[in-house]
Amino acid sequence: MSFSTSGPSHPLILDDVRGAQKMLAGIARMTAMEGSRHLTQLVGAPVHLKCENLQRTGSFKLRGAYVRIAGLRPEERAAGVVAASAGNHAQGVALASSLLGVRSTVFMPLGAPLPKVAATREYGAEVVLRGTVVDETLAAAEEHARETGAVFIHPFDHPDVIAGQGTVGLEILEQCPEVRTILVGVGGGGLAAGIALAVKAVRPDVKVVGVQAAASAAYPPSLAAGHPVAIDPAPTMADGIKVGRPGDVPFALVRELVDEIRTVSEDALSSALLLCLERAKLVVEPAGASPVAALLSDPGAFRGPVVAVLSGGNVDPVLLQRILRHGMAAAGRYLSLRLRITDRPGVLAELLRALSVLDANVLDVSHVRTDPRLGLTEVEVELHLETKGPEHCREVGAALREAGYRIIS
């Protein structure tokens, strides 16, 4: 695939990204590039993690927001800026505006996680909670822009924003010059477009792969149609890349420069988040873990060295708890059993001792005595266990059966 800077489909050139990099000096961090031994063994080639979850505000969004706001004319700055976001873009706009001395108003949905609302306020923005879905929040922000003259800062559909996000690509080339494949999560497409623009201009041989949550993947139908297509995205834990329609500006770049778009399941996303936490000691939100999910789903598909961009780490603690449980279940780390045992004192204690010997941690246990299917001297016990993985689950089941326990399911 050759890189072209001519024609209306390419409003950006490499110099725009390099200019953004100079503008961001001292503002955005050059985030760490960490090797992953586990993923390297899985893929059979070196795998590195580009840790944008450790960026200021917890995601890459500061880069594009700062470049966009810094490029405003004096009269536009005086009018202030407005944005609509449930999280990462909100915080990026808030901090960028504060650093540049520009007044910012951020509209967030009523159900936005409290930590994200608090962080956005602490970065200096006026937060307005409006709407129950993102479309309503977006409409409220656009109405505010019309009424007040504030400049609307789009999260991905603007050349300056894409140039700012493209600085991630320049850093990847500097930190891992031997890279052969870059995996990056895709929502509206700003980050993938920016990275592809920067990387392909310097290293056209590098493969750039975009990753979307299967439940809300707008790019595959859009690429098939040749233009952005709106979809009704289904619920997904990867809310950071849940976008119903690609942006016009990033779509043109993604179509030309991104080699492939892959989709990943909810199970893969939760397993990837769990892996990042346990193996890499990194807190990553589901959208940020999507490149790792792609590696877990098809490890042999990528030529190494591979760089997976962890785009953000802003995850609500309550949601994180649920996702971790989902990830452990997907990884075979939970086992649910129903057994029938004799209803007499001491039998349940014997069962629990047997599980202790098998090193299975009992999370929950319940009795059923009133089911008509039970005999007069029977009781049904439902157990929820924490195990070490699928093999351990099989060992626990086999050992209980060998000990004479009747497992119903």
# chains A, B, ... in the order shown; residues from 1 in each chain; ligands from 1
>>> closest_atom_pairs(of="stretch 213-243 of chain A", to="stretch 156-164 of chain A", cutoff="12 Å", atoms="only C-alpha atoms", output="Markdown table")
| residue | atom | partner | partner_atom | distance |
| --- | --- | --- | --- | --- |
| A:Pro228 | CA | A:Asp157 | CA | 11.9 |
| A:Ile241 | CA | A:Phe156 | CA | 11.2 |
| A:Val243 | CA | A:Phe156 | CA | 10.6 |
>>> residues_around(residues="A:Arg18", least_positions_apart="4", cutoff="12 Å", atoms="only C-alpha atoms", output="short mmCIF file (atom, residue, chain, number, x, y, z; two decimals) with C-alpha atoms, in the first residue's frame")
data_model
loop_
_atom_site.label_atom_id
_atom_site.label_comp_id
_atom_site.auth_asym_id
_atom_site.auth_seq_id
_atom_site.Cartn_x
_atom_site.Cartn_y
_atom_site.Cartn_z
CA LEU A 12 -3.34 15.68 6.28
CA ILE A 13 0.32 15.05 5.58
CA LEU A 14 3.17 13.77 7.69
CA LYS A 22 6.42 19.77 18.46
CA MET A 23 3.30 21.45 19.82
CA LEU A 24 2.82 18.64 22.35
CA ALA A 25 6.40 18.74 23.66
CA VAL A 67 -3.62 20.34 19.14
CA ASP A 160 -6.08 18.71 13.97
CA ILE A 162 -6.08 13.28 13.96
CA ALA A 163 -2.69 14.97 13.67
CA GLY A 164 -2.43 15.00 17.45
CA GLN A 165 -3.34 11.33 17.74
CA GLY A 166 -0.83 10.53 15.00
CA THR A 167 2.01 11.46 17.35
CA VAL A 168 1.48 8.04 18.95
CA GLY A 169 2.63 6.53 15.64
CA LEU A 170 5.80 8.63 15.55
CA GLU A 171 6.63 7.52 19.08
CA GLY A 194 -3.44 9.31 12.80
CA ILE A 195 -1.16 6.35 13.53
CA LEU A 197 -0.86 8.40 8.48
CA ALA A 198 2.37 8.83 10.44
CA VAL A 199 3.62 5.25 10.20
CA ALA A 201 4.58 7.79 5.45
CA VAL A 202 7.83 6.59 7.04
#
>>> select_by_dssp(residues="stretch 162-265 of chain A", states="helix (DSSP H, G or I)", output="PDB file with N, CA, C and O atoms, in the first residue's frame")
ATOM      1  N   ILE A 162      -6.771  14.449  14.524  1.00  0.00           N
ATOM      2  CA  ILE A 162      -6.085  13.280  13.958  1.00  0.00           C
ATOM      3  C   ILE A 162      -4.576  13.482  13.956  1.00  0.00           C
ATOM      4  O   ILE A 162      -3.809  12.556  14.254  1.00  0.00           O
ATOM      5  N   ALA A 163      -4.123  14.683  13.642  1.00  0.00           N
ATOM      6  CA  ALA A 163      -2.688  14.967  13.674  1.00  0.00           C
ATOM      7  C   ALA A 163      -2.132  14.757  15.075  1.00  0.00           C
ATOM      8  O   ALA A 163      -1.039  14.187  15.254  1.00  0.00           O
ATOM      9  N   GLY A 164      -2.874  15.202  16.079  1.00  0.00           N
ATOM     10  CA  GLY A 164      -2.427  15.000  17.451  1.00  0.00           C
ATOM     11  C   GLY A 164      -2.346  13.535  17.814  1.00  0.00           C
ATOM     12  O   GLY A 164      -1.355  13.075  18.409  1.00  0.00           O
ATOM     13  N   GLN A 165      -3.365  12.765  17.443  1.00  0.00           N
ATOM     14  CA  GLN A 165      -3.339  11.325  17.744  1.00  0.00           C
ATOM     15  C   GLN A 165      -2.230  10.621  16.974  1.00  0.00           C
ATOM     16  O   GLN A 165      -1.674   9.619  17.449  1.00  0.00           O
ATOM     17  N   GLY A 166      -1.888  11.145  15.807  1.00  0.00           N
ATOM     18  CA  GLY A 166      -0.832  10.527  15.004  1.00  0.00           C
ATOM     19  C   GLY A 166       0.531  10.562  15.656  1.00  0.00           C
ATOM     20  O   GLY A 166       1.423   9.787  15.279  1.00  0.00           O
ATOM     21  N   THR A 167       0.718  11.416  16.657  1.00  0.00           N
ATOM     22  CA  THR A 167       2.015  11.455  17.349  1.00  0.00           C
ATOM     23  C   THR A 167       2.302  10.146  18.068  1.00  0.00           C
ATOM     24  O   THR A 167       3.463   9.827  18.322  1.00  0.00           O
ATOM     25  N   VAL A 168       1.265   9.375  18.381  1.00  0.00           N
ATOM     26  CA  VAL A 168       1.480   8.043  18.948  1.00  0.00           C
ATOM     27  C   VAL A 168       2.263   7.188  17.959  1.00  0.00           C
ATOM     28  O   VAL A 168       3.175   6.436  18.330  1.00  0.00           O
ATOM     29  N   GLY A 169       1.923   7.291  16.671  1.00  0.00           N
ATOM     30  CA  GLY A 169       2.625   6.526  15.641  1.00  0.00           C
ATOM     31  C   GLY A 169       4.087   6.901  15.533  1.00  0.00           C
ATOM     32  O   GLY A 169       4.964   6.027  15.380  1.00  0.00           O
ATOM     33  N   LEU A 170       4.397   8.202  15.603  1.00  0.00           N
ATOM     34  CA  LEU A 170       5.796   8.628  15.549  1.00  0.00           C
ATOM     35  C   LEU A 170       6.578   8.077  16.737  1.00  0.00           C
ATOM     36  O   LEU A 170       7.736   7.662  16.586  1.00  0.00           O
ATOM     37  N   GLU A 171       5.952   8.054  17.896  1.00  0.00           N
ATOM     38  CA  GLU A 171       6.630   7.515  19.080  1.00  0.00           C
ATOM     39  C   GLU A 171       6.880   6.017  18.939  1.00  0.00           C
ATOM     40  O   GLU A 171       7.931   5.515  19.344  1.00  0.00           O
ATOM     41  N   ILE A 172       5.920   5.301  18.371  1.00  0.00           N
ATOM     42  CA  ILE A 172       6.101   3.861  18.165  1.00  0.00           C
ATOM     43  C   ILE A 172       7.308   3.595  17.282  1.00  0.00           C
ATOM     44  O   ILE A 172       8.143   2.723  17.573  1.00  0.00           O
ATOM     45  N   LEU A 173       7.449   4.355  16.198  1.00  0.00           N
ATOM     46  CA  LEU A 173       8.586   4.164  15.298  1.00  0.00           C
ATOM     47  C   LEU A 173       9.911   4.480  15.988  1.00  0.00           C
ATOM     48  O   LEU A 173      10.934   3.844  15.703  1.00  0.00           O
ATOM     49  N   GLU A 174       9.886   5.435  16.879  1.00  0.00           N
ATOM     50  CA  GLU A 174      11.108   5.788  17.611  1.00  0.00           C
ATOM     51  C   GLU A 174      11.445   4.744  18.672  1.00  0.00           C
ATOM     52  O   GLU A 174      12.608   4.377  18.852  1.00  0.00           O
ATOM     53  N   GLN A 175      10.428   4.263  19.372  1.00  0.00           N
ATOM     54  CA  GLN A 175      10.657   3.336  20.481  1.00  0.00           C
ATOM     55  C   GLN A 175      10.841   1.893  20.023  1.00  0.00           C
ATOM     56  O   GLN A 175      11.499   1.108  20.700  1.00  0.00           O
ATOM     57  N   GLY A 190     -10.186   8.163  14.769  1.00  0.00           N
ATOM     58  CA  GLY A 190      -9.160   9.203  14.826  1.00  0.00           C
ATOM     59  C   GLY A 190      -7.781   8.691  15.166  1.00  0.00           C
ATOM     60  O   GLY A 190      -6.790   9.081  14.539  1.00  0.00           O
ATOM     61  N   LEU A 191      -7.680   7.806  16.162  1.00  0.00           N
ATOM     62  CA  LEU A 191      -6.375   7.290  16.568  1.00  0.00           C
ATOM     63  C   LEU A 191      -5.780   6.401  15.481  1.00  0.00           C
ATOM     64  O   LEU A 191      -4.600   6.535  15.128  1.00  0.00           O
ATOM     65  N   ALA A 192      -6.575   5.491  14.939  1.00  0.00           N
ATOM     66  CA  ALA A 192      -6.080   4.596  13.883  1.00  0.00           C
ATOM     67  C   ALA A 192      -5.664   5.393  12.653  1.00  0.00           C
ATOM     68  O   ALA A 192      -4.627   5.102  12.033  1.00  0.00           O
ATOM     69  N   ALA A 193      -6.450   6.401  12.285  1.00  0.00           N
ATOM     70  CA  ALA A 193      -6.117   7.225  11.119  1.00  0.00           C
ATOM     71  C   ALA A 193      -4.818   7.974  11.337  1.00  0.00           C
ATOM     72  O   ALA A 193      -3.959   8.027  10.449  1.00  0.00           O
ATOM     73  N   GLY A 194      -4.651   8.557  12.517  1.00  0.00           N
ATOM     74  CA  GLY A 194      -3.443   9.310  12.803  1.00  0.00           C
ATOM     75  C   GLY A 194      -2.206   8.437  12.822  1.00  0.00           C
ATOM     76  O   GLY A 194      -1.158   8.786  12.256  1.00  0.00           O
ATOM     77  N   ILE A 195      -2.302   7.272  13.478  1.00  0.00           N
ATOM     78  CA  ILE A 195      -1.161   6.352  13.530  1.00  0.00           C
ATOM     79  C   ILE A 195      -0.805   5.871  12.132  1.00  0.00           C
ATOM     80  O   ILE A 195       0.369   5.841  11.744  1.00  0.00           O
ATOM     81  N   ALA A 196      -1.818   5.480  11.354  1.00  0.00           N
ATOM     82  CA  ALA A 196      -1.551   4.983  10.003  1.00  0.00           C
ATOM     83  C   ALA A 196      -0.922   6.067   9.136  1.00  0.00           C
ATOM     84  O   ALA A 196       0.006   5.798   8.357  1.00  0.00           O
ATOM     85  N   LEU A 197      -1.414   7.285   9.252  1.00  0.00           N
ATOM     86  CA  LEU A 197      -0.860   8.402   8.483  1.00  0.00           C
ATOM     87  C   LEU A 197       0.627   8.582   8.772  1.00  0.00           C
ATOM     88  O   LEU A 197       1.454   8.674   7.847  1.00  0.00           O
ATOM     89  N   ALA A 198       0.984   8.602  10.059  1.00  0.00           N
ATOM     90  CA  ALA A 198       2.373   8.826  10.439  1.00  0.00           C
ATOM     91  C   ALA A 198       3.260   7.647  10.066  1.00  0.00           C
ATOM     92  O   ALA A 198       4.346   7.814   9.506  1.00  0.00           O
ATOM     93  N   VAL A 199       2.790   6.439  10.377  1.00  0.00           N
ATOM     94  CA  VAL A 199       3.616   5.250  10.196  1.00  0.00           C
ATOM     95  C   VAL A 199       3.805   4.918   8.722  1.00  0.00           C
ATOM     96  O   VAL A 199       4.925   4.630   8.262  1.00  0.00           O
ATOM     97  N   LYS A 200       2.738   4.957   7.934  1.00  0.00           N
ATOM     98  CA  LYS A 200       2.840   4.575   6.528  1.00  0.00           C
ATOM     99  C   LYS A 200       3.702   5.545   5.730  1.00  0.00           C
ATOM    100  O   LYS A 200       4.311   5.155   4.730  1.00  0.00           O
ATOM    101  N   ALA A 201       3.756   6.811   6.159  1.00  0.00           N
ATOM    102  CA  ALA A 201       4.581   7.787   5.449  1.00  0.00           C
ATOM    103  C   ALA A 201       6.061   7.471   5.609  1.00  0.00           C
ATOM    104  O   ALA A 201       6.861   7.737   4.715  1.00  0.00           O
ATOM    105  N   VAL A 202       6.424   6.889   6.747  1.00  0.00           N
ATOM    106  CA  VAL A 202       7.832   6.589   7.038  1.00  0.00           C
ATOM    107  C   VAL A 202       8.157   5.131   6.751  1.00  0.00           C
ATOM    108  O   VAL A 202       9.219   4.818   6.209  1.00  0.00           O
ATOM    109  N   ALA A 214     -17.026  -6.445  18.417  1.00  0.00           N
ATOM    110  CA  ALA A 214     -17.950  -7.030  17.440  1.00  0.00           C
ATOM    111  C   ALA A 214     -19.365  -6.485  17.607  1.00  0.00           C
ATOM    112  O   ALA A 214     -20.110  -6.356  16.629  1.00  0.00           O
ATOM    113  N   ALA A 215     -19.726  -6.140  18.837  1.00  0.00           N
ATOM    114  CA  ALA A 215     -21.085  -5.661  19.102  1.00  0.00           C
ATOM    115  C   ALA A 215     -21.349  -4.274  18.545  1.00  0.00           C
ATOM    116  O   ALA A 215     -22.515  -3.887  18.385  1.00  0.00           O
ATOM    117  N   SER A 216     -20.303  -3.524  18.254  1.00  0.00           N
ATOM    118  CA  SER A 216     -20.514  -2.141  17.792  1.00  0.00           C
ATOM    119  C   SER A 216     -19.493  -1.764  16.725  1.00  0.00           C
ATOM    120  O   SER A 216     -18.846  -0.729  16.813  1.00  0.00           O
ATOM    121  N   TYR A 219     -17.094   0.078  11.236  1.00  0.00           N
ATOM    122  CA  TYR A 219     -16.179   0.182  10.098  1.00  0.00           C
ATOM    123  C   TYR A 219     -16.344  -0.922   9.051  1.00  0.00           C
ATOM    124  O   TYR A 219     -16.290  -0.619   7.842  1.00  0.00           O
ATOM    125  N   PRO A 220     -16.533  -2.191   9.397  1.00  0.00           N
ATOM    126  CA  PRO A 220     -16.691  -3.200   8.341  1.00  0.00           C
ATOM    127  C   PRO A 220     -17.803  -2.876   7.346  1.00  0.00           C
ATOM    128  O   PRO A 220     -17.557  -2.888   6.127  1.00  0.00           O
ATOM    129  N   PRO A 221     -19.039  -2.537   7.782  1.00  0.00           N
ATOM    130  CA  PRO A 221     -20.058  -2.184   6.782  1.00  0.00           C
ATOM    131  C   PRO A 221     -19.748  -0.889   6.053  1.00  0.00           C
ATOM    132  O   PRO A 221     -20.101  -0.735   4.867  1.00  0.00           O
ATOM    133  N   SER A 222     -19.082   0.031   6.720  1.00  0.00           N
ATOM    134  CA  SER A 222     -18.738   1.298   6.068  1.00  0.00           C
ATOM    135  C   SER A 222     -17.697   1.074   4.982  1.00  0.00           C
ATOM    136  O   SER A 222     -17.793   1.637   3.874  1.00  0.00           O
ATOM    137  N   LEU A 223     -16.688   0.272   5.276  1.00  0.00           N
ATOM    138  CA  LEU A 223     -15.654  -0.013   4.280  1.00  0.00           C
ATOM    139  C   LEU A 223     -16.254  -0.778   3.098  1.00  0.00           C
ATOM    140  O   LEU A 223     -15.873  -0.550   1.951  1.00  0.00           O
ATOM    141  N   ALA A 224     -17.174  -1.679   3.384  1.00  0.00           N
ATOM    142  CA  ALA A 224     -17.830  -2.432   2.303  1.00  0.00           C
ATOM    143  C   ALA A 224     -18.648  -1.504   1.410  1.00  0.00           C
ATOM    144  O   ALA A 224     -18.707  -1.688   0.196  1.00  0.00           O
ATOM    145  N   ALA A 225     -19.262  -0.488   2.016  1.00  0.00           N
ATOM    146  CA  ALA A 225     -20.090   0.456   1.255  1.00  0.00           C
ATOM    147  C   ALA A 225     -19.263   1.530   0.567  1.00  0.00           C
ATOM    148  O   ALA A 225     -19.734   2.178  -0.374  1.00  0.00           O
ATOM    149  N   ASP A 239     -16.914   0.703  25.922  1.00  0.00           N
ATOM    150  CA  ASP A 239     -17.662   1.907  25.580  1.00  0.00           C
ATOM    151  C   ASP A 239     -16.800   2.976  24.927  1.00  0.00           C
ATOM    152  O   ASP A 239     -17.294   3.840  24.212  1.00  0.00           O
ATOM    153  N   GLY A 240     -15.483   2.920  25.126  1.00  0.00           N
ATOM    154  CA  GLY A 240     -14.597   3.904  24.522  1.00  0.00           C
ATOM    155  C   GLY A 240     -14.505   3.809  23.012  1.00  0.00           C
ATOM    156  O   GLY A 240     -14.101   4.771  22.353  1.00  0.00           O
ATOM    157  N   ILE A 241     -14.882   2.665  22.435  1.00  0.00           N
ATOM    158  CA  ILE A 241     -14.874   2.520  20.978  1.00  0.00           C
ATOM    159  C   ILE A 241     -16.272   2.169  20.468  1.00  0.00           C
ATOM    160  O   ILE A 241     -16.423   1.642  19.361  1.00  0.00           O
ATOM    161  N   ASP A 248     -16.051  11.276   8.962  1.00  0.00           N
ATOM    162  CA  ASP A 248     -15.736  11.432   7.537  1.00  0.00           C
ATOM    163  C   ASP A 248     -14.236  11.581   7.301  1.00  0.00           C
ATOM    164  O   ASP A 248     -13.675  10.979   6.381  1.00  0.00           O
ATOM    165  N   VAL A 249     -13.581  12.410   8.126  1.00  0.00           N
ATOM    166  CA  VAL A 249     -12.149  12.652   7.924  1.00  0.00           C
ATOM    167  C   VAL A 249     -11.327  11.405   8.236  1.00  0.00           C
ATOM    168  O   VAL A 249     -10.514  10.967   7.405  1.00  0.00           O
ATOM    169  N   PRO A 250     -11.509  10.773   9.397  1.00  0.00           N
ATOM    170  CA  PRO A 250     -10.711   9.561   9.644  1.00  0.00           C
ATOM    171  C   PRO A 250     -11.064   8.411   8.719  1.00  0.00           C
ATOM    172  O   PRO A 250     -10.176   7.607   8.377  1.00  0.00           O
ATOM    173  N   PHE A 251     -12.326   8.321   8.281  1.00  0.00           N
ATOM    174  CA  PHE A 251     -12.701   7.204   7.409  1.00  0.00           C
ATOM    175  C   PHE A 251     -11.875   7.188   6.135  1.00  0.00           C
ATOM    176  O   PHE A 251     -11.415   6.124   5.688  1.00  0.00           O
ATOM    177  N   ALA A 252     -11.660   8.362   5.538  1.00  0.00           N
ATOM    178  CA  ALA A 252     -10.886   8.413   4.296  1.00  0.00           C
ATOM    179  C   ALA A 252      -9.473   7.895   4.509  1.00  0.00           C
ATOM    180  O   ALA A 252      -8.924   7.175   3.653  1.00  0.00           O
ATOM    181  N   LEU A 253      -8.878   8.226   5.642  1.00  0.00           N
ATOM    182  CA  LEU A 253      -7.518   7.775   5.938  1.00  0.00           C
ATOM    183  C   LEU A 253      -7.489   6.295   6.289  1.00  0.00           C
ATOM    184  O   LEU A 253      -6.586   5.560   5.856  1.00  0.00           O
ATOM    185  N   VAL A 254      -8.458   5.843   7.084  1.00  0.00           N
ATOM    186  CA  VAL A 254      -8.509   4.427   7.450  1.00  0.00           C
ATOM    187  C   VAL A 254      -8.702   3.566   6.214  1.00  0.00           C
ATOM    188  O   VAL A 254      -8.037   2.536   6.031  1.00  0.00           O
ATOM    189  N   ARG A 255      -9.602   3.974   5.331  1.00  0.00           N
ATOM    190  CA  ARG A 255      -9.864   3.200   4.118  1.00  0.00           C
ATOM    191  C   ARG A 255      -8.606   3.058   3.266  1.00  0.00           C
ATOM    192  O   ARG A 255      -8.334   1.995   2.697  1.00  0.00           O
ATOM    193  N   GLU A 256      -7.800   4.118   3.206  1.00  0.00           N
ATOM    194  CA  GLU A 256      -6.620   4.105   2.350  1.00  0.00           C
ATOM    195  C   GLU A 256      -5.403   3.481   3.015  1.00  0.00           C
ATOM    196  O   GLU A 256      -4.605   2.807   2.360  1.00  0.00           O
ATOM    197  N   LEU A 257      -5.257   3.661   4.321  1.00  0.00           N
ATOM    198  CA  LEU A 257      -3.977   3.354   4.963  1.00  0.00           C
ATOM    199  C   LEU A 257      -4.008   2.220   5.972  1.00  0.00           C
ATOM    200  O   LEU A 257      -2.960   1.632   6.250  1.00  0.00           O
TER     201      LEU A 257
END
>>> residues_around(residues="A:Glu378", least_positions_apart="4", cutoff="7 Å", atoms="only C-alpha atoms", output="PyMOL selection string")
chain A and resi 340-343+374
>>> residues_around(residues="A:His367", least_positions_apart="2", cutoff="8 Å", atoms="only C-alpha atoms", output="list in words")
Val365, Arg369, Val379, Glu380, Val381 and Glu382 of chain A
>>> closest_residue(among="A:Leu138, A:Ala65, A:Leu49, A:Ala331", to="A:Glu34", atoms="only C-alpha atoms")
A:Leu49
>>> residues_around(residues="A:Arg303", least_positions_apart="5", cutoff="12 Å", atoms="only C-alpha atoms", output="tab-separated table (two decimals) with all heavy atoms, in the first residue's frame")
chain	number	residue	atom	x	y	z
A	40	THR	N	4.38	-12.50	23.91
A	40	THR	CA	5.47	-12.89	23.01
A	40	THR	C	5.49	-14.39	22.81
A	40	THR	O	5.63	-14.90	21.68
A	40	THR	CB	6.82	-12.40	23.57
A	40	THR	OG1	6.84	-10.96	23.53
A	40	THR	CG2	7.99	-12.94	22.76
A	43	VAL	N	2.31	-15.37	20.67
A	43	VAL	CA	2.37	-14.96	19.27
A	43	VAL	C	3.55	-15.61	18.54
A	43	VAL	O	3.51	-15.82	17.33
A	43	VAL	CB	2.42	-13.42	19.17
A	43	VAL	CG1	2.66	-12.95	17.75
A	43	VAL	CG2	1.13	-12.82	19.72
A	44	GLY	N	4.61	-15.91	19.29
A	44	GLY	CA	5.81	-16.46	18.67
A	44	GLY	C	6.70	-15.39	18.07
A	44	GLY	O	7.53	-15.68	17.22
A	45	ALA	N	6.53	-14.17	18.52
A	45	ALA	CA	7.32	-13.02	18.06
A	45	ALA	C	7.23	-11.94	19.14
A	45	ALA	O	6.29	-11.94	19.94
A	45	ALA	CB	6.80	-12.49	16.72
A	46	PRO	N	8.18	-11.02	19.17
A	46	PRO	CA	8.14	-9.98	20.20
A	46	PRO	C	6.84	-9.17	20.15
A	46	PRO	O	6.40	-8.75	19.09
A	46	PRO	CB	9.35	-9.10	19.87
A	46	PRO	CG	10.28	-10.00	19.12
A	46	PRO	CD	9.40	-10.92	18.33
A	47	VAL	N	6.25	-8.96	21.32
A	47	VAL	CA	5.05	-8.13	21.46
A	47	VAL	C	5.34	-7.04	22.48
A	47	VAL	O	5.81	-7.31	23.58
A	47	VAL	CB	3.83	-8.94	21.91
A	47	VAL	CG1	2.63	-8.02	22.14
A	47	VAL	CG2	3.48	-10.00	20.86
A	178	GLU	N	11.93	-1.56	14.78
A	178	GLU	CA	11.82	-2.82	14.04
A	178	GLU	C	10.39	-3.32	13.93
A	178	GLU	O	10.14	-4.41	13.40
A	178	GLU	CB	12.68	-3.90	14.72
A	178	GLU	CG	12.20	-4.36	16.09
A	178	GLU	CD	12.62	-3.44	17.24
A	178	GLU	OE1	13.07	-2.30	16.98
A	178	GLU	OE2	12.48	-3.87	18.40
A	179	VAL	N	9.41	-2.54	14.37
A	179	VAL	CA	8.01	-2.96	14.36
A	179	VAL	C	7.56	-3.39	12.98
A	179	VAL	O	7.93	-2.79	11.96
A	179	VAL	CB	7.11	-1.82	14.91
A	179	VAL	CG1	7.17	-0.59	14.02
A	179	VAL	CG2	5.66	-2.29	15.05
A	180	ARG	N	6.74	-4.45	12.95
A	180	ARG	CA	6.18	-4.93	11.67
A	180	ARG	C	4.66	-4.84	11.65
A	180	ARG	O	4.06	-4.75	10.59
A	180	ARG	CB	6.60	-6.39	11.42
A	180	ARG	CG	8.10	-6.60	11.40
A	180	ARG	CD	8.79	-5.83	10.29
A	180	ARG	NE	8.43	-6.31	8.98
A	180	ARG	CZ	9.02	-7.34	8.36
A	180	ARG	NH1	9.99	-8.01	8.97
A	180	ARG	NH2	8.63	-7.70	7.16
A	181	THR	N	4.03	-4.89	12.84
A	181	THR	CA	2.57	-4.82	12.92
A	181	THR	C	2.17	-3.94	14.10
A	181	THR	O	2.73	-4.07	15.19
A	181	THR	CB	1.94	-6.22	13.12
A	181	THR	OG1	2.36	-7.08	12.05
A	181	THR	CG2	0.42	-6.13	13.12
A	182	ILE	N	1.20	-3.05	13.87
A	182	ILE	CA	0.64	-2.21	14.94
A	182	ILE	C	-0.85	-2.51	15.04
A	182	ILE	O	-1.58	-2.46	14.05
A	182	ILE	CB	0.86	-0.71	14.66
A	182	ILE	CG1	2.36	-0.39	14.62
A	182	ILE	CG2	0.17	0.14	15.73
A	182	ILE	CD1	2.67	1.03	14.17
A	183	LEU	N	-1.29	-2.83	16.26
A	183	LEU	CA	-2.70	-3.08	16.53
A	183	LEU	C	-3.26	-1.92	17.34
A	183	LEU	O	-2.66	-1.52	18.35
A	183	LEU	CB	-2.88	-4.38	17.33
A	183	LEU	CG	-2.51	-5.68	16.60
A	183	LEU	CD1	-2.45	-6.84	17.58
A	183	LEU	CD2	-3.53	-5.98	15.52
A	205	ASP	N	5.89	-0.49	4.91
A	205	ASP	CA	5.85	-1.94	5.07
A	205	ASP	C	5.18	-2.38	6.37
A	205	ASP	O	4.83	-3.55	6.53
A	205	ASP	CB	7.27	-2.50	5.06
A	205	ASP	CG	8.13	-1.93	6.19
A	205	ASP	OD1	8.31	-0.69	6.21
A	205	ASP	OD2	8.60	-2.70	7.04
A	206	VAL	N	5.00	-1.45	7.30
A	206	VAL	CA	4.38	-1.81	8.58
A	206	VAL	C	2.88	-2.00	8.38
A	206	VAL	O	2.20	-1.16	7.78
A	206	VAL	CB	4.64	-0.72	9.65
A	206	VAL	CG1	3.87	-1.03	10.93
A	206	VAL	CG2	6.13	-0.61	9.95
A	207	LYS	N	2.36	-3.09	8.91
A	207	LYS	CA	0.93	-3.38	8.80
A	207	LYS	C	0.21	-2.73	9.98
A	207	LYS	O	0.59	-2.93	11.14
A	207	LYS	CB	0.69	-4.88	8.79
A	207	LYS	CG	-0.76	-5.27	8.52
A	207	LYS	CD	-0.90	-6.79	8.37
A	207	LYS	CE	-2.34	-7.17	8.03
A	207	LYS	NZ	-2.50	-8.63	7.87
A	208	VAL	N	-0.82	-1.95	9.69
A	208	VAL	CA	-1.64	-1.33	10.72
A	208	VAL	C	-3.00	-2.01	10.74
A	208	VAL	O	-3.69	-2.06	9.72
A	208	VAL	CB	-1.80	0.19	10.49
A	208	VAL	CG1	-2.68	0.80	11.58
A	208	VAL	CG2	-0.44	0.88	10.45
A	209	VAL	N	-3.35	-2.57	11.90
A	209	VAL	CA	-4.60	-3.34	12.04
A	209	VAL	C	-5.49	-2.64	13.06
A	209	VAL	O	-5.07	-2.41	14.20
A	209	VAL	CB	-4.31	-4.79	12.48
A	209	VAL	CG1	-5.63	-5.56	12.65
A	209	VAL	CG2	-3.40	-5.48	11.48
A	295	LEU	N	-5.00	-10.20	19.71
A	295	LEU	CA	-3.87	-11.13	19.81
A	295	LEU	C	-4.29	-12.45	20.44
A	295	LEU	O	-3.88	-13.52	19.99
A	295	LEU	CB	-2.74	-10.51	20.62
A	295	LEU	CG	-1.97	-9.36	19.96
A	295	LEU	CD1	-1.03	-8.71	20.97
A	295	LEU	CD2	-1.18	-9.86	18.75
A	298	ASP	N	-6.47	-14.57	17.86
A	298	ASP	CA	-5.82	-15.15	16.67
A	298	ASP	C	-4.32	-14.85	16.71
A	298	ASP	O	-3.81	-14.06	15.92
A	298	ASP	CB	-6.45	-14.57	15.40
A	298	ASP	CG	-6.07	-15.34	14.15
A	298	ASP	OD1	-5.36	-16.37	14.27
A	298	ASP	OD2	-6.49	-14.93	13.05
>>> residues_around(residues="A:Thr120", least_positions_apart="4", cutoff="8 Å", atoms="only C-alpha atoms", output="PyMOL selection string")
chain A and resi 90-91+94-95+116+124-125+127
>>> residues_around(residues="A:Glu266", least_positions_apart="2", cutoff="8 Å", atoms="only C-alpha atoms", output="list in words")
Ala213, Ala214, Thr236, Met237, Val264, Ala268, Leu269 and Ser270 of chain A
